[in-house]
Structures are given as C-alpha cells and as structure tokens.
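Student: mmCIF, C-alpha atoms, saved as data.cif, coming up:
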data_start
loop_
_atom_site.label_atom_id
_atom_site.label_comp_id
_atom_site.auth_asym_id
_atom_site.auth_seq_id
_atom_site.Cartn_x
_atom_site.Cartn_y
_atom_site.Cartn_z
CA MET A 1 56.00 36.46 16.72
CA SER A 2 53.67 37.44 13.89
CA LYS A 3 49.98 37.50 14.46
CA ARG A 4 47.70 35.40 12.32
CA LYS A 5 45.45 37.48 10.11
CA PRO A 6 41.79 37.11 11.02
CA ASN A 7 39.59 35.23 8.57
CA LYS A 8 37.13 37.68 7.11
CA ASN A 9 34.90 34.87 5.85
CA LYS A 10 33.39 33.77 9.11
CA GLY A 11 30.81 31.49 7.55
CA PRO A 12 31.47 28.21 5.70
CA ALA A 13 32.93 28.38 2.23
CA ILE A 14 30.21 28.74 -0.39
CA ILE A 15 30.63 27.64 -3.99
CA ASP A 16 28.44 27.54 -7.04
CA LEU A 17 27.70 24.04 -8.25
CA ASP A 18 29.28 23.41 -11.63
CA LEU A 19 28.08 20.29 -13.39
CA ASP A 20 28.15 19.23 -16.98
CA SER A 21 25.10 20.68 -18.70
CA SER A 22 24.24 17.23 -20.06
CA ASP A 23 23.17 16.25 -16.54
CA LEU A 24 20.37 18.79 -16.76
CA ASP A 25 19.43 18.66 -20.42
CA SER A 26 19.26 14.90 -21.04
CA PRO A 27 16.62 12.41 -19.85
CA ILE A 28 17.97 9.88 -17.40
CA SER A 29 17.40 7.06 -19.86
CA GLU A 30 19.56 8.78 -22.51
CA LEU A 31 22.15 10.09 -20.07
CA PHE A 32 22.91 6.77 -18.44
CA ARG A 33 21.67 4.41 -21.14
CA TYR A 34 20.77 1.10 -19.50
CA GLU A 35 22.12 2.04 -16.05
CA VAL A 36 18.98 3.84 -14.86
CA SER A 37 18.32 1.57 -11.89
CA LYS A 38 21.93 1.71 -10.70
CA HIS A 39 22.09 5.48 -11.10
CA ARG A 40 18.83 6.42 -9.35
CA SER A 41 18.97 9.56 -7.18
CA CYS A 42 22.73 9.72 -6.61
CA TRP A 43 24.76 12.86 -5.89
CA ARG A 44 24.82 13.84 -9.56
CA HIS A 45 21.01 13.98 -9.65
CA VAL A 46 20.90 15.85 -6.37
CA PHE A 47 23.38 18.43 -7.65
CA ALA A 48 21.51 18.77 -10.94
CA TYR A 49 18.28 19.41 -9.07
CA LEU A 50 19.96 22.02 -6.87
CA ILE A 51 21.40 23.79 -9.92
CA VAL A 52 17.93 24.03 -11.45
CA GLN A 53 16.73 25.50 -8.15
CA LYS A 54 19.69 27.96 -8.24
CA LYS A 55 20.91 26.80 -4.86
CA LYS A 56 24.38 27.36 -3.38
CA LEU A 57 25.98 24.89 -1.01
CA ALA A 58 28.78 24.98 1.53
CA LEU A 59 31.74 22.69 0.82
CA LYS A 60 30.90 20.53 3.82
CA ASP A 61 27.34 20.11 2.49
CA ILE A 62 28.67 18.92 -0.86
CA GLU A 63 30.88 16.32 0.77
CA LEU A 64 27.95 15.17 2.89
CA ILE A 65 25.70 14.80 -0.17
CA LYS A 66 28.36 12.82 -2.05
CA LYS A 67 28.74 10.52 0.92
CA ARG A 68 25.01 10.09 1.49
CA TYR A 69 24.03 9.63 -2.17
CA PRO A 70 26.94 7.70 -3.79
CA CYS A 71 27.02 7.06 -7.50
CA LEU A 72 27.07 3.31 -7.99
CA LEU A 73 28.47 3.67 -11.51
CA GLU A 74 31.70 5.11 -10.10
CA PHE A 75 32.61 1.90 -8.29
CA PRO A 76 33.36 -1.62 -9.53
CA CYS A 77 30.88 -4.30 -8.60
CA HIS A 78 32.00 -5.66 -5.23
CA PHE A 79 30.77 -6.26 -1.73
CA HIS A 80 31.44 -3.72 0.97
CA ARG A 81 33.51 -4.83 3.92
CA GLY A 82 30.44 -4.88 6.15
CA GLU A 83 28.64 -7.16 3.71
CA ARG A 84 31.65 -9.51 3.52
CA LEU A 85 31.82 -9.74 7.30
CA LYS A 86 28.09 -10.39 7.40
CA ARG A 87 28.39 -13.20 4.87
CA LYS A 88 31.41 -14.65 6.69
CA GLY A 89 29.43 -14.64 9.93
CA LYS A 90 26.57 -16.47 8.24
CA ARG A 91 28.89 -19.16 6.90
CA GLU A 92 30.39 -19.69 10.33
CA GLU A 93 26.92 -19.82 11.85
CA MET A 94 25.87 -22.48 9.34
CA LYS A 95 28.98 -24.52 10.23
CA GLU A 96 28.04 -24.43 13.90
CA LEU A 97 24.72 -26.05 13.10
CA GLY A 98 26.57 -29.23 12.24
CA PRO A 99 25.87 -31.56 9.32
CA PRO A 100 22.31 -32.89 9.11
CA LYS A 101 21.64 -36.62 9.19
CA ASP A 102 20.46 -36.86 5.62
CA ALA A 103 20.13 -34.78 2.45
CA LYS A 104 16.40 -34.22 2.89
CA HIS A 105 16.90 -32.60 6.27
CA ALA A 106 19.80 -30.59 4.84
CA VAL A 107 17.58 -29.00 2.18
CA SER A 108 14.81 -28.32 4.68
CA ARG A 109 17.18 -26.82 7.20
CA LYS A 110 18.86 -24.60 4.62
CA LYS A 111 15.49 -23.36 3.36
CA GLU A 112 14.34 -22.46 6.86
CA LYS A 113 17.60 -20.62 7.43
CA LEU A 114 17.28 -18.66 4.20
CA ASP A 115 13.63 -17.82 4.87
CA SER A 116 14.45 -16.45 8.31
CA GLN A 117 17.22 -14.28 6.82
CA ALA A 118 15.31 -13.21 3.72
CA PHE A 119 14.61 -9.74 5.02
CA GLU A 120 17.65 -9.16 7.21
CA CYS A 121 19.90 -7.83 4.42
CA LYS A 122 17.40 -6.04 2.20
CA GLU A 123 18.57 -3.31 -0.13
CA LYS A 124 16.52 -0.43 -1.44
CA LEU A 125 14.81 -1.31 -4.71
CA GLY A 126 16.16 0.32 -7.84
CA SER A 127 13.81 1.31 -10.65
CA GLU A 128 14.64 -1.79 -12.74
CA ALA A 129 13.89 -4.22 -9.90
CA PHE A 130 10.80 -2.29 -8.86
CA ASP A 131 9.42 -2.35 -12.39
CA ARG A 132 10.07 -6.09 -12.72
CA TYR A 133 8.13 -6.84 -9.54
CA PHE A 134 5.38 -4.42 -10.46
CA GLN A 135 4.93 -5.93 -13.92
CA ASN A 136 4.65 -9.36 -12.37
CA LEU A 137 1.97 -8.04 -10.02
CA TRP A 138 0.14 -6.31 -12.87
CA LYS A 139 0.01 -9.32 -15.20
CA ASN A 140 -1.83 -11.31 -12.53
CA LEU A 141 -4.69 -8.80 -12.28
CA SER A 142 -8.11 -9.74 -13.57
CA GLU A 143 -9.42 -8.18 -16.77
CA ASP A 144 -12.03 -6.35 -14.71
CA LYS A 145 -9.33 -4.64 -12.63
CA ARG A 146 -7.38 -3.64 -15.72
CA THR A 147 -10.50 -1.99 -17.07
CA SER A 148 -10.69 0.32 -14.05
CA PHE A 149 -6.96 0.83 -13.50
CA THR A 150 -3.92 1.94 -15.44
CA TYR A 151 -0.44 3.01 -14.37
CA LEU A 152 2.46 5.29 -15.26
CA ASP A 153 6.07 4.14 -15.41
CA CYS A 154 7.93 4.59 -12.13
CA MET A 155 10.53 6.88 -13.75
CA TRP A 156 8.17 9.24 -15.56
CA PHE A 157 7.61 11.68 -12.71
CA SER A 158 11.37 12.02 -12.12
CA LEU A 159 11.93 12.53 -15.84
CA TYR A 160 9.11 15.09 -15.95
CA LEU A 161 11.01 17.22 -13.41
CA GLN A 162 13.80 17.59 -15.99
CA PRO A 163 12.77 20.34 -18.45
CA SER A 164 14.45 18.64 -21.40
CA SER A 165 12.37 15.46 -21.09
CA ARG A 166 9.08 16.99 -19.91
CA ASP A 167 7.38 17.04 -23.32
CA LYS A 168 8.38 13.42 -23.98
CA VAL A 169 6.87 12.30 -20.69
CA LEU A 170 3.59 14.10 -21.39
CA THR A 171 3.45 12.42 -24.82
CA TRP A 172 3.95 9.00 -23.21
CA ILE A 173 1.22 9.71 -20.64
CA ASN A 174 -1.14 10.82 -23.41
CA LYS A 175 -0.95 7.30 -24.86
CA LYS A 176 -2.09 5.76 -21.55
CA HIS A 177 -5.60 7.30 -21.82
CA ILE A 178 -5.71 7.97 -18.09
CA PHE A 179 -8.94 9.98 -18.29
CA SER A 180 -10.85 6.84 -19.29
CA LYS A 181 -9.85 5.02 -16.08
CA LYS A 182 -11.18 5.26 -12.54
CA TYR A 183 -7.74 4.98 -10.98
CA VAL A 184 -4.21 5.71 -12.17
CA ILE A 185 -1.28 4.19 -10.23
CA VAL A 186 1.78 6.47 -10.24
CA PRO A 187 4.84 5.09 -8.40
CA ILE A 188 7.30 7.89 -7.63
CA VAL A 189 10.98 7.69 -6.73
CA CYS A 190 12.65 10.94 -5.69
CA TRP A 191 15.76 11.43 -3.57
CA SER A 192 16.08 7.63 -3.34
CA HIS A 193 12.66 7.34 -1.68
CA TRP A 194 9.56 5.60 -3.06
CA ASN A 195 6.02 6.98 -2.76
CA LEU A 196 2.71 6.01 -4.31
CA LEU A 197 0.58 8.64 -6.03
CA ILE A 198 -2.95 7.65 -7.12
CA PHE A 199 -5.23 9.68 -9.39
CA CYS A 200 -8.93 9.03 -8.72
CA HIS A 201 -11.74 9.85 -11.18
CA PHE A 202 -9.66 12.21 -13.31
CA GLY A 203 -12.05 11.65 -16.21
CA GLU A 204 -14.94 13.35 -14.40
CA SER A 205 -15.87 16.87 -15.45
CA GLU A 206 -16.27 19.97 -13.29
CA GLN A 207 -20.05 19.53 -13.43
CA SER A 208 -20.07 15.98 -12.08
CA GLU A 209 -22.05 15.66 -8.83
CA THR A 210 -21.30 12.01 -8.12
CA HIS A 211 -17.60 11.46 -8.82
CA LYS A 212 -15.11 14.12 -7.78
CA PRO A 213 -11.47 13.79 -8.84
CA CYS A 214 -8.86 13.64 -6.10
CA MET A 215 -5.25 12.61 -5.52
CA LEU A 216 -3.84 10.26 -2.89
CA LEU A 217 -0.20 10.20 -1.80
CA LEU A 218 0.80 7.15 0.22
CA ASP A 219 4.14 7.56 1.99
CA SER A 220 5.78 5.07 4.34
CA LEU A 221 7.97 7.85 5.78
CA GLU A 222 5.55 10.53 6.91
CA ASN A 223 8.16 12.17 9.16
CA ALA A 224 9.86 13.37 5.98
CA ASP A 225 6.80 15.54 5.19
CA PRO A 226 5.12 13.95 2.12
CA ARG A 227 3.38 17.23 1.28
CA ARG A 228 6.68 18.65 0.10
CA TYR A 229 5.92 16.90 -3.20
CA GLU A 230 2.59 18.67 -3.66
CA PRO A 231 3.76 21.73 -5.68
CA ASP A 232 5.56 19.55 -8.26
CA ILE A 233 2.70 17.06 -8.39
CA ARG A 234 0.11 19.80 -8.99
CA LYS A 235 2.17 21.24 -11.83
CA PHE A 236 2.56 17.71 -13.20
CA VAL A 237 -1.22 17.22 -13.14
CA LEU A 238 -1.88 20.63 -14.70
CA ASP A 239 0.44 19.82 -17.62
CA ILE A 240 -1.23 16.42 -18.09
CA TYR A 241 -4.64 18.10 -18.39
CA LYS A 242 -3.23 20.65 -20.84
CA ALA A 243 -1.50 18.01 -22.96
CA GLU A 244 -4.79 16.12 -23.23
CA GLY A 245 -6.60 19.28 -24.37
CA ARG A 246 -9.05 19.07 -21.49
CA SER A 247 -11.52 21.90 -20.86
CA GLU A 248 -11.00 22.08 -17.08
CA THR A 249 -9.67 25.39 -15.81
CA LYS A 250 -6.43 25.90 -13.92
CA ASP A 251 -8.41 26.92 -10.82
CA PHE A 252 -10.38 23.68 -10.92
CA ILE A 253 -7.24 21.57 -11.34
CA TYR A 254 -5.46 23.30 -8.46
CA GLN A 255 -8.47 22.69 -6.23
CA ILE A 256 -8.42 18.91 -6.76
CA PRO A 257 -8.07 17.52 -3.20
CA PHE A 258 -4.57 16.27 -2.37
CA LEU A 259 -4.94 13.67 0.38
CA VAL A 260 -2.21 12.03 2.45
CA PRO A 261 -3.74 9.18 4.49
CA LYS A 262 -1.85 7.82 7.50
CA VAL A 263 -0.69 4.40 6.37
CA PRO A 264 1.69 1.78 7.88
CA GLN A 265 5.24 3.06 8.17
CA GLN A 266 8.57 1.48 7.19
CA ARG A 267 10.84 0.17 9.94
CA ASN A 268 14.19 0.98 8.32
CA ASP A 269 15.64 3.15 5.57
CA VAL A 270 15.52 0.62 2.72
CA GLU A 271 12.06 -0.95 2.52
CA CYS A 272 10.06 1.97 1.05
CA GLY A 273 9.91 0.23 -2.35
CA ASN A 274 8.41 -2.91 -0.80
CA PHE A 275 5.82 -0.80 0.99
CA VAL A 276 4.80 0.91 -2.26
CA LEU A 277 4.39 -2.44 -4.02
CA TYR A 278 2.19 -3.66 -1.16
CA TYR A 279 0.19 -0.41 -1.13
CA ILE A 280 -0.47 -0.95 -4.83
CA ASN A 281 -1.51 -4.56 -4.38
CA LEU A 282 -3.89 -3.86 -1.49
CA PHE A 283 -5.36 -0.71 -3.02
CA ILE A 284 -6.19 -2.49 -6.27
CA GLU A 285 -7.79 -5.33 -4.30
CA GLY A 286 -9.91 -3.08 -2.08
CA ALA A 287 -10.55 0.09 -4.10
CA PRO A 288 -14.21 1.14 -3.90
CA GLU A 289 -16.31 1.27 -7.04
CA ASN A 290 -16.73 5.01 -6.57
CA PHE A 291 -14.08 6.70 -4.44
CA SER A 292 -15.57 9.52 -2.37
CA ILE A 293 -13.98 11.89 0.14
CA GLU A 294 -17.29 12.45 1.91
CA GLY A 295 -18.56 8.89 1.60
CA GLY A 296 -15.87 6.80 3.25
CA TYR A 297 -12.36 8.23 3.06
CA PRO A 298 -9.81 7.04 4.16
CA TYR A 299 -11.55 3.67 3.70
CA PHE A 300 -9.00 0.91 4.47
CA MET A 301 -5.95 3.21 4.27
CA LYS A 302 -5.16 3.48 7.98
CA LYS A 303 -2.24 2.86 10.33
CA ASN A 304 -3.41 -0.73 10.90
CA TRP A 305 -4.03 -1.43 7.22
CA PHE A 306 -1.63 -4.39 7.30
CA THR A 307 0.96 -6.05 9.53
CA PRO A 308 4.73 -6.45 9.02
CA GLU A 309 4.14 -10.19 8.69
CA GLY A 310 1.65 -9.59 5.89
CA LEU A 311 4.16 -7.36 4.08
CA GLU A 312 6.96 -9.93 4.35
CA CYS A 313 4.73 -12.77 3.15
CA PHE A 314 3.65 -10.65 0.16
CA CYS A 315 7.27 -9.79 -0.74
CA GLN A 316 8.43 -13.39 -0.50
CA GLN A 317 5.66 -14.53 -2.84
CA LEU A 318 6.23 -11.65 -5.26
CA TYR A 319 10.02 -12.12 -5.38
CA SER A 320 9.83 -15.88 -5.83
CA SER A 321 7.26 -15.60 -8.65
CA SER A 322 9.41 -13.00 -10.44
CA GLU A 323 12.54 -15.15 -10.62
#
Render the structure in this file as structure tokens.

Tutor:
Amino acid sequence: MSKRKPNKNKGPAIIDLDLDSSDLDSPISELFRYEVSKHRSCWRHVFAYLIVQKKKLALKDIELIKKRYPCLLEFPCHFHRGERLKRKGKREEMKELGPPKDAKHAVSRKKEKLDSQAFECKEKLGSEAFDRYFQNLWKNLSEDKRTSFTYLDCMWFSLYLQPSSRDKVLTWINKKHIFSKKYVIVPIVCWSHWNLLIFCHFGESEQSETHKPCMLLLDSLENADPRRYEPDIRKFVLDIYKAEGRSETKDFIYQIPFLVPKVPQQRNDVECGNFVLYYINLFIEGAPENFSIEGGYPYFMKKNWFTPEGLECFCQQLYSSSE
C-alpha cells in the first residue's frame, strides 16, 4: 500500500487577487453607470480595495467575502426564498384575521397591520435611496440652517479612496465652498456600513482663539472600531485644504481633533443608514452656534440622545414624505 505524500504547504492556499484593472481605475459612477446604489460595497469593491492595499488572501477568505458581500448586479431581480416564506406567512396571518365588517374598518385594520410591520423587514439603504431621503430632509430646512450648513454627496468619500477619481472629487468639493460654512455634513458608506462625518469650523484660521476646527464621527456600530477610518479621513481633509489653496500647515491639519462621541447604537445589521439620517436631522436641529470642545462637548450627542421609538417615528415620516 503506497503512502500518501505529505503536503508541504501546511497553511491555507494563498493566491494573488486578479481583478480587471477597470475596477481600480474607474470611478464607481462610470464603472457601473446608473447601478451605483445596487453595486455599493460588494465583493468586487472589497477585492479592489485589497489589491490597492497589496493584500493576499486565502481561498477560503475569498469565498467568505463573496458570500458576505454579494454583487446584486449578478443576480436577476427576485425575492429570496426566506423573503417569499415571510410574505406567505404574512398573507396567511392576514387571512386568519377574518374579513372586517365594513370597508372602513378594512382600511384601518390594514394600515395598523402595515404600520406594525414597517420596520420588521428593513433592508440596508443603498446610496440612491439614502440620497433621496436626505434630499427630502434637506429641502425642508430653513434658510437660516442652510446658511450655516452644507453637505457632501454620500458617495464622494468612497470615490476619493479610488486614486483615479480623487482629483474629480476634490474639484466637486471645491465648488461647495465648505470653508464658508460652520458645519459640513459628510455621510460616508464604506464596506456596506454608514457613518456620519461632520466638519466643524473648518473656515477658522490657525490664529483663531474662539472657534477651533474639529471633526466628529458618529457611528451606530462602535464595536467595529470607528477610529479605523481616521487615517483615510485625515488624508481626505489634508487634500481638501490643499485643493482650496489654504495656508494652514500639514501639522495644523493633522492636529485637528477627531472626536467619536458615544451615540445610540443600531439593533441589527441593516439600520445604520436610518441612524445616520436621524443623526443628521437631530444634529442640524440642535447644533450650537459655536461648537467648542472645551465649552460643552459632547453636547446632546450621548447614549440617550434619542429612543428607538423616536427613530422609527422619524423614518416613517421621512419615508412617507419622500414617496
């Protein structure tokens, strides 16, 4: 009986990631045309990022990433089996309620049923849906608020991380005149997770004694270590200052405080986008005239900032007004 030859490669198989160069060299908007929201951080983006970082992965890791971050453009539009079963169960449950006595009660009963289920089957917000809800929120702000605030598109930070689109993003930001505003709202989506970055008093100079610039990062998933974004965010900010031709030094920019207040946390793995929209709404409502680290931070941004009921009420109103 012949003996099996020992496997010299004791560790897992390692391969170099080989992806079409267009995945790295093209902005998301050009690469996927109008499918940006469907194609958010899927496995192709994850692989592209890892290639840029010159990472190597084991075969089992690659399979895990493909499974965890599926590409929605690779599948036809259909419901998953779990969703079909869920819908079937709901139909059967509605049948068990029995027919109401009149049409008025039928409408009322159906509405109550839908309201109670409104947040049971939530899906993570894509960039297109997020932007639609955000724009609806923004258009309802007072003129006074718009004078103090501006915002960056929710995809710009992700696009900035791609070298080929970096200069375009900086040009777009330059047109927003962020240094003339007290606050700049910067929604971020990376690795399928939403965060809220806020620039405070970026227009103030190094010599200012009253208003000091700072950055806030609000994350509804603090266990995932929000500070892992800090290196990329600081480089992002440095390039914004350079593109504007500002006189501040690199040392000054890298010393701008980067604050991560402890805010209410999400209860599942899909509602981070809703949390960011609510963070934005409440911050704009309650932002102090002059934000100060020494004078009152973290202000209202605490664990008990709002309740789950308040979040759900906000989302229902926002969604219904955006239809």

Student: Which distance in Å separates atom CA of Arg227 of chain A and atom CA of Val263 of chain A, to one decimal?

Tutor: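 Value for the atom CA of Arg227 of chain A-atom CA of Val263 of chain A distance: 14.4 Å.
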
Student: When you draw a straight line from atom CA of Leu311 of chain A to atom CA of Pro288 of chain A, how long is it in Å?

Tutor: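 So the answer is 21.8 Å.
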
Student: For atom CA of Lys139 of chain A and atom CA of Leu277 of chain A, determine how far apart the two atoms are, in Å to one decimal place.

Tutor: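 The value is 13.8 Å.
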
Student: Using only C-alpha atoms, pick whichever of A:Glu285, A:Glu244, A:Phe236, A:Gly273 has the shortest atom-to-atom distance to Pro163 of chain A.

Tutor: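 Checking each candidate against Pro163 of chain A, we get A:Phe236 as the closest.
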
Student: Can you spell out as a list in words the set of residues that the PyMOL selection byres ((chain A and resi 205) around 12) selects in the structure I just provided?

Tutor: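 Matching residues under the PyMOL selection byres ((chain A and resi 205) around 12) are Phe179, Ser180, His201, Phe202, Gly203, Glu204, Glu206, Gln207, Ser208, Glu209, Thr210, His211, Lys212, Pro213, Tyr241, Arg246, Ser247, Glu248, Thr249, Phe252, Ile253 and Ile256 of chain A.
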
Student: Report the residues retrieved by the PyMOL selection byres ((chain A and resi 133) around 9) from the displayed file, expressed as a VMD selection string.

Tutor: chain A and resid 128 to 132 134 to 138 277 318 to 319 321 to 322

Student: Could you expand the PyMOL selection byres ((chain A and resi 125) around 9) into the explicit residues it covers here, written as a PDB file with C-alpha atoms, in the coordinates of the input?

Tutor:
ATOM      1  CA  SER A  37      18.320   1.570 -11.890  1.00  0.00           C
ATOM      2  CA  LYS A 122      17.400  -6.040   2.200  1.00  0.00           C
ATOM      3  CA  GLU A 123      18.570  -3.310  -0.130  1.00  0.00           C
ATOM      4  CA  LYS A 124      16.520  -0.430  -1.440  1.00  0.00           C
ATOM      5  CA  GLY A 126      16.160   0.320  -7.840  1.00  0.00           C
ATOM      6  CA  SER A 127      13.810   1.310 -10.650  1.00  0.00           C
ATOM      7  CA  GLU A 128      14.640  -1.790 -12.740  1.00  0.00           C
ATOM      8  CA  ALA A 129      13.890  -4.220  -9.900  1.00  0.00           C
ATOM      9  CA  PHE A 130      10.800  -2.290  -8.860  1.00  0.00           C
ATOM     10  CA  TRP A 194       9.560   5.600  -3.060  1.00  0.00           C
ATOM     11  CA  VAL A 270      15.520   0.620   2.720  1.00  0.00           C
ATOM     12  CA  GLU A 271      12.060  -0.950   2.520  1.00  0.00           C
ATOM     13  CA  CYS A 272      10.060   1.970   1.050  1.00  0.00           C
ATOM     14  CA  GLY A 273       9.910   0.230  -2.350  1.00  0.00           C
ATOM     15  CA  ASN A 274       8.410  -2.910  -0.800  1.00  0.00           C
TER      16      ASN A 274
END

Student: What's the 6 Å shell around segment 181-187 of chain A, counting all atoms listed in the file, without same-chain residues fewer than 6 positions away, as a list in words?

Tutor: Ser148, Phe149, Thr150, Tyr151, Leu152, Cys154, Leu196, Leu197, Ile198, Phe199, Cys200 and His201 of chain A

Student: Ranking A:Ser165, A:Asn223, A:Asn174, A:Gln266 by minimum distance to Ile240 of chain A and counting all atoms listed in the file, which one comes first?

Tutor: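 Between A:Ser165, A:Asn223, A:Asn174, A:Gln266, the residue approaching Ile240 of chain A most closely is A:Asn174.
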
Student: Would you please work out which residue, of A:Glu222, A:Asp144, A:Asp61, A:Asp239, is nearest to Glu289 of chain A when using only C-alpha atoms?

Tutor: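 Under the stated criterion, the closest residue is A:Asp144.
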
Student: Select, from A:Lys66, A:Arg267, A:Tyr160, A:Leu141, the residue with the minimum atom-to-atom distance to Ile284 of chain A, counting all atoms listed in the file.

Tutor: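 Among A:Lys66, A:Arg267, A:Tyr160, A:Leu141, it is A:Leu141 that comes nearest to Ile284 of chain A.
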
Student: Let me make sure I understand: among A:Lys262, A:Lys303, A:Lys235, A:Arg146, which one has the smallest atom-to-atom distance to Arg166 of chain A if we use all atoms listed in the file?

Tutor: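 Among the listed residues, the smallest separation from Arg166 of chain A belongs to A:Lys235.
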
Student: Restricting the calculation to all atoms listed in the file: of A:Trp156, A:Trp305, A:Trp191, A:Tyr279, which residue gets closest to Leu217 of chain A?

Tutor: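 Among A:Trp156, A:Trp305, A:Trp191, A:Tyr279, it is A:Tyr279 that comes nearest to Leu217 of chain A.
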